[in-house]
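Peer 1: Got a file for you: run.txt, compact mmCIF, C-alpha atoms.
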```
# COMPACT_ATOMS: atom_id res chain seq x y z
CA MET B 1 33.54 -10.95 8.16
CA PHE B 2 30.38 -13.02 8.55
CA GLU B 3 30.13 -16.42 10.16
CA TYR B 4 27.55 -17.17 7.52
CA THR B 5 28.64 -18.47 4.13
CA PHE B 6 26.54 -17.08 1.35
CA GLN B 7 25.72 -19.71 -1.23
CA TRP B 8 24.43 -17.73 -4.13
CA ASN B 9 25.00 -20.58 -6.57
CA GLN B 10 22.39 -22.75 -4.93
CA ALA B 11 19.86 -19.94 -5.11
CA LEU B 12 20.83 -18.83 -8.61
CA ALA B 13 20.43 -22.40 -9.86
CA ARG B 14 16.74 -21.97 -9.04
CA LEU B 15 16.45 -18.73 -10.97
CA PRO B 16 14.40 -20.19 -13.87
CA LYS B 17 11.77 -21.38 -11.40
CA ILE B 18 11.72 -18.03 -9.65
CA LEU B 19 11.32 -16.27 -12.98
CA GLU B 20 8.36 -18.50 -13.81
CA GLY B 21 6.86 -17.25 -10.57
CA ALA B 22 7.54 -13.68 -11.64
CA VAL B 23 5.48 -14.28 -14.78
CA VAL B 24 2.54 -15.50 -12.68
CA THR B 25 2.92 -12.45 -10.43
CA MET B 26 2.75 -10.14 -13.44
CA GLU B 27 -0.29 -11.99 -14.78
CA VAL B 28 -2.16 -11.64 -11.49
CA ALA B 29 -1.19 -7.99 -11.18
CA LEU B 30 -2.21 -7.16 -14.74
CA LEU B 31 -5.50 -9.05 -14.55
CA SER B 32 -6.39 -7.52 -11.20
CA MET B 33 -5.57 -4.10 -12.59
CA LEU B 34 -7.74 -4.50 -15.70
CA LEU B 35 -10.62 -5.88 -13.64
CA GLY B 36 -9.96 -3.20 -11.02
CA ILE B 37 -10.28 -0.41 -13.59
CA ALA B 38 -13.50 -1.93 -14.92
CA PHE B 39 -15.00 -2.17 -11.43
CA ALA B 40 -13.74 1.28 -10.51
CA ILE B 41 -15.53 2.75 -13.52
CA LEU B 42 -18.64 0.86 -12.46
CA LEU B 43 -18.31 2.21 -8.90
CA THR B 44 -17.89 5.73 -10.27
CA LEU B 45 -21.01 5.23 -12.34
CA LEU B 46 -22.91 3.98 -9.27
CA ARG B 47 -21.81 7.04 -7.34
CA LEU B 48 -22.98 9.33 -10.11
CA SER B 49 -26.23 7.46 -10.63
CA GLY B 50 -28.10 9.61 -8.13
CA SER B 51 -29.72 6.59 -6.54
CA ARG B 52 -29.13 6.40 -2.81
CA PRO B 53 -28.82 2.61 -2.42
CA LEU B 54 -26.43 2.33 -5.37
CA HIS B 55 -24.37 5.21 -4.01
CA ALA B 56 -24.26 3.50 -0.62
CA ILE B 57 -23.09 0.21 -2.15
CA ALA B 58 -20.27 1.96 -4.01
CA THR B 59 -19.23 3.98 -0.96
CA THR B 60 -19.20 0.89 1.27
CA TRP B 61 -16.99 -0.96 -1.21
CA ILE B 62 -14.58 1.96 -1.53
CA GLU B 63 -14.33 2.66 2.19
CA ILE B 64 -13.79 -0.99 3.13
CA ALA B 65 -11.15 -1.35 0.41
CA ARG B 66 -9.33 1.74 1.62
CA ASN B 67 -9.64 1.27 5.37
CA THR B 68 -8.77 -2.38 5.96
CA PRO B 69 -5.49 -4.20 5.24
CA ALA B 70 -5.12 -5.81 1.82
CA LEU B 71 -4.24 -9.03 3.61
CA PHE B 72 -7.60 -8.89 5.40
CA GLN B 73 -9.36 -8.48 2.07
CA ILE B 74 -7.58 -11.50 0.65
CA TYR B 75 -8.49 -13.52 3.76
CA MET B 76 -12.09 -12.45 3.29
CA ALA B 77 -11.98 -13.52 -0.35
CA HIS B 78 -10.66 -16.92 0.70
CA PHE B 79 -11.89 -17.90 4.17
CA GLY B 80 -14.83 -15.52 4.28
CA ILE B 81 -16.33 -16.69 0.99
CA ALA B 82 -15.53 -20.30 1.92
CA SER B 83 -17.96 -20.10 4.82
CA PHE B 84 -20.77 -19.76 2.27
CA GLY B 85 -19.68 -23.10 0.88
CA ILE B 86 -17.83 -21.62 -2.09
CA HIS B 87 -14.25 -22.87 -2.09
CA LEU B 88 -12.09 -20.81 -4.37
CA SER B 89 -8.62 -21.66 -5.55
CA PRO B 90 -5.80 -19.56 -4.06
CA PHE B 91 -5.36 -17.91 -7.45
CA ALA B 92 -9.01 -16.86 -7.60
CA SER B 93 -9.00 -15.64 -3.99
CA LEU B 94 -5.87 -13.60 -4.54
CA LEU B 95 -7.24 -12.14 -7.75
CA ILE B 96 -10.55 -11.22 -6.09
CA GLY B 97 -8.81 -9.71 -3.09
CA ILE B 98 -6.45 -7.53 -5.09
CA THR B 99 -9.16 -6.57 -7.57
CA PHE B 100 -11.41 -5.47 -4.71
CA ASN B 101 -8.58 -3.38 -3.30
CA ASN B 102 -7.59 -1.90 -6.67
CA ALA B 103 -11.17 -0.98 -7.54
CA GLY B 104 -11.62 0.86 -4.24
CA TYR B 105 -8.47 2.93 -4.54
CA LEU B 106 -8.94 3.59 -8.27
CA ALA B 107 -12.55 4.69 -7.78
CA GLU B 108 -11.28 7.26 -5.29
CA ASN B 109 -8.69 8.43 -7.83
CA PHE B 110 -11.39 8.67 -10.46
CA ARG B 111 -13.48 10.80 -8.14
CA GLY B 112 -10.61 13.24 -7.86
CA ALA B 113 -10.20 13.22 -11.64
CA LEU B 114 -13.91 13.87 -12.17
CA LYS B 115 -13.62 17.10 -10.23
CA ALA B 116 -11.20 18.35 -12.88
CA ILE B 117 -13.66 17.71 -15.72
CA PRO B 118 -16.16 20.56 -16.07
CA ASP B 119 -19.80 19.59 -15.73
CA THR B 120 -20.58 21.60 -18.85
CA GLN B 121 -18.92 18.93 -20.99
CA THR B 122 -21.54 16.34 -20.04
CA ARG B 123 -24.25 18.87 -20.78
CA ALA B 124 -22.66 19.71 -24.12
CA GLY B 125 -22.62 16.02 -24.93
CA ARG B 126 -26.25 15.69 -23.89
CA SER B 127 -27.30 18.61 -26.05
CA LEU B 128 -25.55 16.99 -29.01
CA GLY B 129 -28.00 14.14 -28.61
CA MET B 130 -25.91 11.71 -26.56
CA SER B 131 -27.58 9.72 -23.86
CA GLN B 132 -26.33 10.11 -20.29
CA LEU B 133 -24.44 6.85 -20.62
CA GLN B 134 -22.94 7.82 -23.96
CA ALA B 135 -21.74 11.13 -22.57
CA PHE B 136 -20.11 9.26 -19.70
CA ARG B 137 -18.58 6.66 -21.98
CA TYR B 138 -17.27 8.95 -24.73
CA ILE B 139 -16.56 12.22 -22.93
CA ILE B 140 -15.93 11.59 -19.24
CA VAL B 141 -14.21 8.20 -19.11
CA PRO B 142 -11.38 8.95 -21.57
CA GLN B 143 -10.47 12.16 -19.76
CA MET B 144 -10.85 10.48 -16.38
CA LEU B 145 -8.42 7.71 -17.34
CA ARG B 146 -6.03 10.26 -18.74
CA ILE B 147 -6.01 12.48 -15.64
CA SER B 148 -5.59 9.54 -13.28
CA PHE B 149 -2.89 7.87 -15.36
CA LEU B 150 -0.14 8.43 -12.77
CA PRO B 151 -2.18 7.28 -9.77
CA MET B 152 -3.06 4.24 -11.89
CA THR B 153 0.58 3.33 -12.41
CA ASN B 154 1.12 3.68 -8.65
CA GLN B 155 -1.79 1.32 -8.10
CA MET B 156 -0.24 -1.10 -10.60
CA VAL B 157 2.95 -1.11 -8.52
CA TRP B 158 0.84 -1.75 -5.43
CA ALA B 159 -0.90 -4.61 -7.22
CA VAL B 160 2.45 -6.23 -7.98
CA LEU B 161 3.56 -5.88 -4.37
CA MET B 162 0.22 -7.21 -3.11
CA THR B 163 0.57 -10.45 -5.07
CA SER B 164 3.14 -11.48 -2.44
CA LEU B 165 0.23 -11.81 0.01
CA GLY B 166 -1.21 -14.72 -1.97
CA VAL B 167 1.05 -17.06 -0.04
CA THR B 168 -1.19 -16.63 3.00
CA VAL B 169 -4.08 -18.33 1.23
CA GLY B 170 -1.93 -21.10 -0.19
CA MET B 171 -0.81 -19.59 -3.48
CA ASN B 172 2.51 -21.20 -4.42
CA SER B 173 2.96 -20.39 -8.09
CA ASP B 174 3.63 -16.65 -7.81
CA LEU B 175 7.02 -15.06 -7.22
CA TYR B 176 6.75 -15.07 -3.45
CA GLY B 177 5.12 -18.50 -3.26
CA VAL B 178 7.75 -20.13 -5.47
CA THR B 179 10.52 -18.52 -3.42
CA GLN B 180 9.00 -19.77 -0.21
CA ASP B 181 8.68 -23.32 -1.53
CA LEU B 182 12.32 -23.25 -2.66
CA ASN B 183 13.27 -21.94 0.76
CA ALA B 184 11.62 -24.95 2.34
CA LEU B 185 13.75 -27.17 0.09
CA THR B 186 17.10 -25.45 0.41
CA PHE B 187 17.01 -23.22 3.53
CA ARG B 188 18.93 -20.52 1.66
CA THR B 189 16.44 -17.98 3.01
CA PHE B 190 18.49 -14.84 2.62
CA GLU B 191 19.84 -15.61 -0.86
CA LEU B 192 16.49 -16.72 -2.29
CA PHE B 193 14.46 -13.84 -0.92
CA ALA B 194 17.17 -11.35 -1.92
CA ILE B 195 16.81 -12.59 -5.50
CA ALA B 196 13.03 -12.38 -5.28
CA GLY B 197 13.38 -8.86 -3.88
CA VAL B 198 15.60 -7.80 -6.77
CA ILE B 199 13.12 -9.21 -9.27
CA PHE B 200 10.26 -7.32 -7.58
CA TYR B 201 12.38 -4.17 -7.69
CA VAL B 202 13.07 -4.63 -11.40
CA ILE B 203 9.39 -5.25 -12.14
CA THR B 204 8.20 -2.15 -10.27
CA LYS B 205 10.91 0.01 -11.87
CA ALA B 206 9.99 -1.33 -15.30
CA ILE B 207 6.36 -0.38 -14.65
CA THR B 208 7.10 3.17 -13.48
CA LEU B 209 9.64 3.83 -16.24
CA SER B 210 7.50 2.46 -19.06
CA ALA B 211 4.51 4.36 -17.70
CA ARG B 212 6.56 7.54 -17.78
CA LEU B 213 7.60 6.82 -21.38
CA VAL B 214 4.03 6.09 -22.43
CA ALA B 215 2.80 9.20 -20.63
CA THR B 216 5.18 11.53 -22.45
CA ARG B 217 4.02 10.12 -25.78
CA LEU B 218 0.31 9.99 -24.93
CA PHE B 219 -0.04 13.31 -23.16
CA ARG B 220 2.07 15.59 -25.28
CA TYR B 221 -0.56 18.28 -25.41
CA MET P 1 -25.32 -17.84 12.17
CA PHE P 2 -25.34 -15.82 15.38
CA ASP P 3 -24.38 -18.82 17.46
CA THR P 4 -20.76 -18.54 18.29
CA ALA P 5 -18.20 -20.41 20.33
CA LEU P 6 -16.32 -17.18 20.91
CA SER P 7 -15.59 -16.80 24.60
CA SER P 8 -14.52 -13.77 26.58
CA SER P 9 -10.96 -15.06 26.86
CA ASP P 10 -10.87 -15.26 23.07
CA LEU P 11 -11.95 -11.66 22.90
CA LEU P 12 -9.13 -10.81 25.28
CA PHE P 13 -6.77 -12.67 22.95
CA LEU P 14 -8.03 -10.55 20.04
CA ALA P 15 -7.65 -7.40 22.12
CA LYS P 16 -4.05 -8.33 22.81
CA GLY P 17 -3.49 -8.74 19.08
CA ALA P 18 -5.09 -5.35 18.49
CA GLY P 19 -2.81 -3.87 21.15
CA MET P 20 0.19 -5.34 19.38
CA THR P 21 -0.95 -3.83 16.07
CA ILE P 22 -1.21 -0.43 17.73
CA ILE P 23 2.15 -0.70 19.55
CA VAL P 24 4.02 -1.76 16.42
CA THR P 25 2.33 1.02 14.44
CA VAL P 26 3.01 3.76 16.99
CA ILE P 27 6.68 2.81 17.41
CA SER P 28 7.30 2.48 13.68
CA VAL P 29 5.45 5.64 12.73
CA THR P 30 7.25 7.65 15.42
CA ILE P 31 10.75 6.48 14.49
CA GLY P 32 9.91 6.46 10.80
CA THR P 33 8.62 10.03 10.86
CA VAL P 34 11.73 11.35 12.61
CA LEU P 35 13.95 9.51 10.13
CA GLY P 36 11.70 10.54 7.24
CA ILE P 37 11.95 14.23 8.13
CA LEU P 38 15.71 13.89 8.44
CA PHE P 39 16.06 12.07 5.11
CA GLY P 40 13.61 14.42 3.40
CA VAL P 41 15.51 17.56 4.50
CA ILE P 42 18.83 15.97 3.53
CA ARG P 43 17.44 15.10 0.10
CA VAL P 44 16.18 18.64 -0.48
CA GLN P 45 19.43 20.21 0.75
CA LEU P 46 21.74 17.97 -1.26
CA GLY P 47 19.74 18.09 -4.48
CA ALA P 48 18.79 15.18 -6.72
CA VAL P 49 22.31 14.23 -7.84
CA LEU P 50 24.15 14.20 -4.52
CA SER P 51 21.31 12.50 -2.67
CA ALA P 52 20.91 9.80 -5.34
CA PRO P 53 22.37 7.02 -3.14
CA LEU P 54 19.97 7.89 -0.31
CA THR P 55 17.06 8.12 -2.75
CA PHE P 56 17.96 4.71 -4.17
CA PHE P 57 18.22 3.17 -0.69
CA LEU P 58 14.82 4.55 0.34
CA ASP P 59 13.28 3.59 -2.98
CA ILE P 60 14.01 -0.07 -2.24
CA PHE P 61 11.57 0.04 0.67
CA ARG P 62 8.85 1.27 -1.65
CA SER P 63 9.55 -1.17 -4.49
CA VAL P 64 9.95 -4.50 -2.70
CA PRO P 65 6.99 -6.17 -0.96
CA LEU P 66 6.99 -5.59 2.79
CA LEU P 67 6.71 -9.33 3.30
CA ILE P 68 10.07 -9.86 1.57
CA GLN P 69 11.64 -6.95 3.48
CA LEU P 70 10.61 -8.58 6.74
CA VAL P 71 11.82 -12.05 5.77
CA LEU P 72 15.11 -10.65 4.49
CA ALA P 73 15.73 -8.51 7.55
CA ASN P 74 14.91 -11.42 9.81
CA ALA P 75 17.21 -13.78 7.91
CA PHE P 76 19.98 -11.19 7.77
CA MET P 77 19.86 -10.37 11.47
CA GLY P 78 19.47 -13.95 12.58
CA MET P 79 21.40 -16.10 10.12
CA VAL P 80 24.06 -13.70 8.84
CA LEU P 81 24.80 -11.41 11.77
CA ARG P 82 23.83 -13.99 14.40
CA LEU P 83 22.00 -11.38 16.45
CA GLN P 84 19.38 -12.65 18.85
CA LEU P 85 16.72 -10.11 18.00
CA SER P 86 13.06 -10.68 18.73
CA GLY P 87 10.60 -10.67 15.86
CA PHE P 88 9.10 -7.57 17.41
CA THR P 89 12.40 -5.67 17.11
CA VAL P 90 12.89 -6.74 13.51
CA ALA P 91 9.31 -5.80 12.67
CA CYS P 92 9.72 -2.34 14.18
CA MET P 93 13.04 -1.79 12.42
CA VAL P 94 11.70 -2.73 9.00
CA LEU P 95 8.42 -0.85 9.41
CA SER P 96 10.31 2.24 10.64
CA LEU P 97 12.47 2.33 7.53
CA TYR P 98 9.42 1.56 5.40
CA THR P 99 7.64 4.54 6.98
CA ALA P 100 10.76 6.71 6.64
CA ALA P 101 10.95 5.96 2.91
CA TYR P 102 7.39 7.17 2.29
CA CYS P 103 7.68 9.99 4.81
CA SER P 104 10.82 11.42 3.19
CA GLU P 105 8.87 11.57 -0.06
CA ILE P 106 6.08 13.54 1.67
CA VAL P 107 8.57 15.85 3.42
CA ARG P 108 10.44 16.51 0.19
CA GLY P 109 7.22 17.31 -1.65
CA SER P 110 5.97 19.65 1.04
CA ILE P 111 9.26 21.53 1.35
CA ASP P 112 9.23 21.97 -2.43
CA ALA P 113 5.68 23.30 -2.12
CA VAL P 114 6.90 26.29 -0.09
CA PRO P 115 7.38 29.07 -2.68
CA SER P 116 11.07 29.79 -3.16
CA THR P 117 10.31 33.52 -3.19
CA THR P 118 8.98 33.25 0.36
CA ARG P 119 12.14 31.53 1.49
CA ARG P 120 14.36 34.04 -0.28
CA ALA P 121 12.42 36.86 1.35
CA ALA P 122 13.11 35.26 4.73
CA ARG P 123 16.79 34.94 3.98
CA SER P 124 17.06 38.53 2.75
CA LEU P 125 15.44 39.67 5.99
CA GLY P 126 18.51 38.26 7.69
CA MET P 127 17.14 34.90 8.84
CA SER P 128 19.66 32.08 9.02
CA TRP P 129 18.99 28.78 7.20
CA ALA P 130 17.85 27.24 10.48
CA GLN P 131 15.52 30.16 11.21
CA ASP P 132 14.11 29.98 7.70
CA MET P 133 13.48 26.26 8.18
CA ARG P 134 11.98 26.71 11.63
CA TYR P 135 9.79 29.80 11.15
CA ILE P 136 8.95 29.79 7.45
CA VAL P 137 9.26 26.32 5.94
CA MET P 138 8.04 24.23 8.86
CA PRO P 139 4.67 25.94 9.40
CA LEU P 140 3.91 26.09 5.67
CA ALA P 141 5.16 22.61 4.82
CA THR P 142 3.33 20.99 7.74
CA ARG P 143 0.03 22.12 6.28
CA VAL P 144 0.83 20.38 3.02
CA ALA P 145 2.30 17.30 4.67
CA LEU P 146 -0.16 16.53 7.45
CA PRO P 147 -3.03 15.06 5.39
CA SER P 148 -0.68 12.75 3.48
CA TRP P 149 1.12 11.90 6.70
CA ILE P 150 -2.16 10.76 8.26
CA GLY P 151 -2.70 8.59 5.21
CA LEU P 152 0.79 7.17 5.61
CA ALA P 153 0.32 6.39 9.31
CA LEU P 154 -2.93 4.56 8.51
CA GLY P 155 -1.19 2.75 5.66
CA VAL P 156 1.50 1.57 8.06
CA MET P 157 -1.17 0.36 10.48
CA LYS P 158 -2.76 -1.69 7.72
CA ASP P 159 0.60 -2.96 6.48
CA SER P 160 1.58 -3.97 10.02
CA ALA P 161 -0.75 -6.94 9.40
CA LEU P 162 2.22 -8.52 7.61
CA VAL P 163 4.52 -8.71 10.64
CA TYR P 164 3.07 -12.14 11.40
CA VAL P 165 5.85 -13.39 9.12
CA VAL P 166 8.46 -12.62 11.81
CA GLN P 167 6.38 -14.30 14.53
CA VAL P 168 4.66 -11.22 15.91
CA THR P 169 1.06 -12.04 16.81
CA GLU P 170 -0.84 -8.92 15.85
CA LEU P 171 -4.56 -8.57 15.26
CA LEU P 172 -4.92 -10.41 11.97
CA LYS P 173 -2.66 -13.25 13.08
CA SER P 174 -4.55 -13.71 16.35
CA THR P 175 -7.77 -13.71 14.32
CA GLN P 176 -6.35 -16.45 12.16
CA ILE P 177 -5.33 -18.48 15.19
CA LEU P 178 -8.89 -18.25 16.47
CA ILE P 179 -10.26 -19.16 13.04
CA THR P 180 -8.20 -22.33 13.07
CA ARG P 181 -9.62 -23.24 16.46
CA LEU P 182 -13.23 -22.07 16.24
CA GLN P 183 -13.85 -22.61 12.49
CA GLU P 184 -15.92 -19.43 12.23
CA PRO P 185 -13.96 -17.46 9.64
CA LEU P 186 -16.60 -14.98 8.57
CA PHE P 187 -17.61 -13.88 12.05
CA LEU P 188 -14.06 -13.54 13.32
CA LEU P 189 -12.81 -11.77 10.21
CA MET P 190 -15.68 -9.30 10.52
CA ILE P 191 -14.63 -8.44 14.09
CA CYS P 192 -11.06 -8.01 12.92
CA GLY P 193 -12.03 -5.92 9.90
CA ALA P 194 -14.32 -3.76 12.02
CA PHE P 195 -11.43 -2.95 14.33
CA TYR P 196 -9.18 -1.79 11.48
CA PHE P 197 -12.07 0.09 9.92
CA LEU P 198 -13.07 1.88 13.12
CA ILE P 199 -9.54 3.20 13.61
CA SER P 200 -8.78 3.94 10.00
CA PHE P 201 -12.03 5.42 8.73
CA PRO P 202 -12.46 8.39 11.14
CA LEU P 203 -8.79 9.33 10.87
CA ALA P 204 -8.88 9.09 7.08
CA ARG P 205 -11.96 11.33 7.06
CA PHE P 206 -10.18 13.77 9.38
CA GLY P 207 -7.22 13.82 6.97
CA GLY P 208 -9.55 14.52 4.07
CA TYR P 209 -11.19 17.31 6.06
CA LEU P 210 -7.83 18.93 6.83
CA GLU P 211 -6.81 18.66 3.20
CA LYS P 212 -10.00 20.37 2.07
CA ARG P 213 -9.82 23.08 4.73
CA TRP P 214 -6.19 23.93 4.22
CA SER P 215 -6.20 23.86 0.45
CA ASN P 216 -8.49 26.89 0.22
CA ASP P 217 -6.10 29.53 1.49
```
Here is the file; what I need is its structure written in the form of structure tokens.
Peer 2:
Amino acid sequence: MFEYTFQWNQALARLPKILEGAVVTMEVALLSMLLGIAFAILLTLLRLSGSRPLHAIATTWIEIARNTPALFQIYMAHFGIASFGIHLSPFASLLIGITFNNAGYLAENFRGALKAIPDTQTRAGRSLGMSQLQAFRYIIVPQMLRISFLPMTNQMVWAVLMTSLGVTVGMNSDLYGVTQDLNALTFRTFELFAIAGVIFYVITKAITLSARLVATRLFRY
Amino acid sequence: MFDTALSSSDLLFLAKGAGMTIIVTVISVTIGTVLGILFGVIRVQLGAVLSAPLTFFLDIFRSVPLLIQLVLANAFMGMVLRLQLSGFTVACMVLSLYTAAYCSEIVRGSIDAVPSTTRRAARSLGMSWAQDMRYIVMPLATRVALPSWIGLALGVMKDSALVYVVQVTELLKSTQILITRLQEPLFLLMICGAFYFLISFPLARFGGYLEKRWSND
């Protein structure tokens, strides 16, 4: 049928290496997500702070993250920062790029979630003697995270897919990078990238399914 | 810092890259939207069980990195099928299906958002399925779909930055070529980012405005 002979054995022999790459990909995605959530909460706080310059900083971050390609952001984190004389490793650049992107999108999700939380709750917290920050920390944030749980899992999937962009700044230990290096050795392009694709598919499905399971247990009420 | 070796021919080179970004985006979004509407309607009509194979096929485009989709499509067309396709063709094919996958999701959601009572009322007034789709579902569903569709089109524009992998020199790739030559990464990247931002930001705001305006009634 095809003039091309598939040689899956050659590619499958490299599976352990590819799987090692998958672990790195998950690490980067998870780290960038945790950092992203932290920064997104910070951005939300800046937006709520009522100070104009702080609000402007947060808005600039969010709008740049949402309106430029993720690849551009990773370039910026690598080549852009390098022009200030700071040379980051590909891993650090990738992590910074994805975190920047995650934080921007998550902050926007959080803004939507905040609208669903009545203002009276903060005031109730305040009248119980909480400080503004305490009310935010103990009343708003938990509900905010809960409401935006599904958008957060979507963002996690995005983070996993975005790790494949690390190769453009020289990352070669993640799933895509490893696959590309093996491709340079073996030239089994289709077989190798098909395997990498399947692994990415499994990872993203595992994330969405486990998130759904967790959600049904967490949000029963 | 404001000294630059950037010449007017370099700017022309960047403009060409920007043009390529726009062409790839417009072609992919157009084809992808047509396919997406088709797939979306099919999925709604067939129901979850019968359309499972289609759903699975489309889901692949949303679960595998675009970079891998492009490399795979390129390898499949070139090495396996021995077709002499240009990188541009492959890029448009992949991005179209990528768009269609997301678009079918939007279409499905917006058709589901039309109250079933409204549709039944239309049918009991003697409208055919096609009439119901054309005069009842389409106007109502478009309102729900348009803001997300704008977001999708902008998303595809941003994701089109990845087609460099099949040798298409779009904006970001041409920026990178200039960076290699001029060694002024920050300045060049800022021009490139500004271009994406200036297209994306107003349209995203417009989408948000539509969403707000149409959600009230």
Peer 1: I want to know what sits within 8 Å of segment 69-86 of chain B, based on only C-alpha atoms, with residues of the same chain fewer than 4 positions away left out; could you give that as a short mmCIF file (atom, residue, chain, number, x, y, z; two decimals) with C-alpha atoms, keeping the file's coordinate frame?
Peer 2:
```cif
data_model
loop_
_atom_site.label_atom_id
_atom_site.label_comp_id
_atom_site.auth_asym_id
_atom_site.auth_seq_id
_atom_site.Cartn_x
_atom_site.Cartn_y
_atom_site.Cartn_z
CA ALA B 65 -11.15 -1.35 0.41
CA PRO B 90 -5.80 -19.56 -4.06
CA SER B 93 -9.00 -15.64 -3.99
CA LEU B 94 -5.87 -13.60 -4.54
CA ILE B 96 -10.55 -11.22 -6.09
CA GLY B 97 -8.81 -9.71 -3.09
CA ILE B 98 -6.45 -7.53 -5.09
CA PHE B 100 -11.41 -5.47 -4.71
CA ASN B 101 -8.58 -3.38 -3.30
CA MET B 162 0.22 -7.21 -3.11
CA LEU B 165 0.23 -11.81 0.01
CA GLY B 166 -1.21 -14.72 -1.97
CA THR B 168 -1.19 -16.63 3.00
CA VAL B 169 -4.08 -18.33 1.23
CA LYS P 158 -2.76 -1.69 7.72
CA ASP P 159 0.60 -2.96 6.48
CA ALA P 161 -0.75 -6.94 9.40
CA LEU P 162 2.22 -8.52 7.61
CA LEU P 172 -4.92 -10.41 11.97
CA GLU P 184 -15.92 -19.43 12.23
CA PRO P 185 -13.96 -17.46 9.64
CA LEU P 186 -16.60 -14.98 8.57
CA LEU P 189 -12.81 -11.77 10.21
CA GLY P 193 -12.03 -5.92 9.90
CA TYR P 196 -9.18 -1.79 11.48
#
```
Peer 1: Report as a PDB file with C-alpha atoms, in the coordinates of the input all protein, DNA and RNA residues lying within 10 Å of Leu146 of chain P, evaluated on only C-alpha atoms, omitting residues in the same chain fewer than 6 positions from it.
Peer 2:
```pdb
ATOM      1  CA  ILE P 106       6.080  13.540   1.670  1.00  0.00           C
ATOM      2  CA  VAL P 107       8.570  15.850   3.420  1.00  0.00           C
ATOM      3  CA  SER P 110       5.970  19.650   1.040  1.00  0.00           C
ATOM      4  CA  LEU P 152       0.790   7.170   5.610  1.00  0.00           C
ATOM      5  CA  GLY P 207      -7.220  13.820   6.970  1.00  0.00           C
ATOM      6  CA  LEU P 210      -7.830  18.930   6.830  1.00  0.00           C
ATOM      7  CA  GLU P 211      -6.810  18.660   3.200  1.00  0.00           C
TER       8      GLU P 211
END
```
Peer 1: With distances taken over all atoms listed in the file, which of B:Thr179, B:Ser164, B:Ser51, B:Thr216 is nearest to Met26 of chain B?
Peer 2: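 Closest candidate: B:Ser164.
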Peer 1: Using all atoms listed in the file for the distances, tell me which of P:Ala15, P:Leu6, P:Val90, P:Val144 is nearest to Tyr164 of chain P.
Peer 2: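 Under the stated criterion, the closest residue is P:Val90.
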Peer 1: Compile the contact shell of segment 194-199 of chain B as a ChimeraX atom specification: residues with an atom at most 9 Å away, counting all atoms listed in the file, same-chain residues fewer than 2 positions apart removed.
Peer 2: /B:11-12,15,18-19,22,175-176,179,189-192,201-204 /P:60,63-65,68-69,72
Peer 1: Between atom CA of Val168 of chain P and atom CA of Gly104 of chain B, what is the spacing in Å?
Peer 2: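 About the pair atom CA of Gly104 of chain B and atom CA of Val168 of chain P: they are 28.6 Å apart.
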Peer 1: So how far away is atom CA of Ala153 of chain P from atom CA of Leu203 of chain P, in Å?
Peer 2: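 Atom CA of Ala153 of chain P lies 9.7 Å from atom CA of Leu203 of chain P.
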Peer 1: Skip Ile23 of chain P itself and residues of its chain fewer than 2 positions away, then list as an MDAnalysis selection string all residues within 12 Å of it, counting all atoms listed in the file.
Peer 2: chainID P and resid 16:21 25:30 88:89 91:92 95 156:157 160 168:171
Peer 1: One decimal, in Å: what's the spacing between atom CA of Ala107 of chain B and atom CA of Thr122 of chain B?
Peer 2: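 Distance reported for this atom pair: 19.2 Å.
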Peer 1: Which one of P:Trp149, P:Tyr98, P:Phe61, P:Tyr135 sits closest to chain B if you count all atoms listed in the file?
Peer 2: P:Phe61
Peer 1: Dump as a list in words all residues having an atom at most 12 Å from (-9.4, 8.9, -21.7), computed in the file's coordinates with only C-alpha atoms.
Peer 2: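 The requested residues, written out, are Ile41, Phe110, Ala113, Leu114, Ile117, Phe136, Arg137, Tyr138, Ile139, Ile140, Val141, Pro142, Gln143, Met144, Leu145, Arg146, Ile147, Ser148, Phe149, Leu218 and Phe219 of chain B.
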Peer 1: For Pro147 of chain P, which of P:Leu97, P:Ala204, P:Leu198, P:Ile111 is the closest residue, counting only C-alpha atoms?
Peer 2: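 The answer is P:Ala204, which sits nearest to Pro147 of chain P.
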Peer 1: Of the residues B:Arg217, B:Arg52, B:Arg66, B:Arg47, which is the one nearest to chain P, using all atoms listed in the file?
Peer 2: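 The closest residue to chain P is B:Arg66.
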Peer 1: With all atoms of segment 165-184 of chain P from the file as input, state the centre and edge lengths in Å to one decimal of the axis-aligned box that has 6 Å extra on each side, as AutoDock Vina command-line options.
Peer 2:
```
--center_x -3.7 --center_y -15.9 --center_z 13.0 --size_x 36.4 --size_y 26.7 --size_z 19.7
```
Peer 1: Find, counting all atoms listed in the file, the residue in B:Val214, B:Leu161, B:Leu182, B:Met156 that gets nearest to chain P.
Peer 2: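 Going through B:Val214, B:Leu161, B:Leu182, B:Met156 one by one, the smallest distance to chain P is for B:Leu161.
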